[in-house]
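Student: Let me give you the structure first, and then I'll get to my questions.
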Amino acid sequence: AKTSPRDKHFIKQHLLTFRPLMQRDQTLVVRQAYGSGAIFSLVGSLFIIITFLAFKRLRTKTTILVFMLGCADLGLALSDMISWFMYNDMIDGFSVADHTRGILCQTQAMATQYFALSSFLWTSCLAFHAWCVLCRKKNHETLKGYLTWYFAVCLIIPAIPLVICIPLHAFGPTENDVWCWIKPTSSLRFYVYYIPLVLMWIFNMVIYIRLSLEKRSTISYEFVIEEGKKRLRLYILVFVLFKLPALINRTLNFFGHVHYGMFLSQAICDSLFGFFEALVYFSLVRKRLFTSKRDPNGVKLGRSVQTDYNSDGSGYIYDRLARGDQSFYSSIAERLYYNQRTTTSVGS
């Protein structure tokens, strides 16, 4: 459905200061979609954090970035769930005092702004890291030096909008009281959220395409690079796909169109983003979590090429490749020869 001419005029006057109106039952569905999806992202983020801290063998430069992304997604999931405590539409006999609701509203607004922007930045740093390793073949020391910049960018920059918005009293309930964030009467949404989102969405999309088109390899075993691209691209692809509904929805709002389906799609994709990033992480580390340190023939593997290649192609093996470790290339060949010999003997 289209908005009235009056609402269109308001939208154009205030850039992205949207005031789309939904019916009460639609508002409840969108709010519940955010809260329900946040539970899945909460579980997924906790899985990333707990496994990273509990298993030392999972800690690489790449998984450090994923761990920090999980921390940002955890904060965002908790902020999404605050709406359940502020409103009692779906819970009989449960109510929150106005004073407490005001505190929760401000907390949710600030947490949403900080952790959402931090999540965008950590994903972009992960994409940049993948490009450095797989396309630019950066060495170990260079990649290690980048970590300091990653932390500085992703922890400090998201705090800048808070410093701007708090003195201006920009945080408060959004349209239809779906949740709390930057008030719909403030154009700061455009500058501190949607411009960064668009820029980082384009950046991640470019990196994804660049990794897909990369054919050059400076090592003898190009299959390793191909495996790394396939695995690291999954993190980027989740970001590109799950943030697309928000871009489409707000673009439609800007031109005066309000679609309940797009609001619902944005709510589902935004709230489930952390969960699907956790699924990608699990798919990469599952063998390192559950595989024994001995192969079926009883040969002790330890941190072998086989274990690293099959479980986390985006981690340890790429650190070694980035160093230009020629002995590591030889170990790959030895392992491939061993596997081929074992397969041949079994087949015969």
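If you're wondering about the labels, chains in the structure tokens are A, B, ... by order shown, residues count from 1 in each chain, ligands from 1 in order shown.
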Residues of region 29-239 of chain A in alpha helix (DSSP H) according to DSSP, as a ChimeraX atom specification?

Tutor: /A:29-54,61-86,98-134,140-156,159-165,188-189,195-213,222-239

Student: I'd like the neighbourhood of region 238-253 of chain A as a list in words, where a residue qualifies if any of its atoms comes within 6 Å (using only C-alpha atoms), though same-chain residues fewer than 2 positions away should be ignored.

Tutor: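 Neighbouring residues, sequence-local ones excluded: Tyr235, Ile236, Phe255, Gly256, His257, Val258, Met262, Gln266 and Cys269 of chain A.
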
Student: Between CA of Arg57 (chain A) and CA of Val285 (chain A), measure the distance and give it in Å to one decimal.

Tutor: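 Taking CA of Arg57 (chain A) and CA of Val285 (chain A), their separation equals 9.8 Å.
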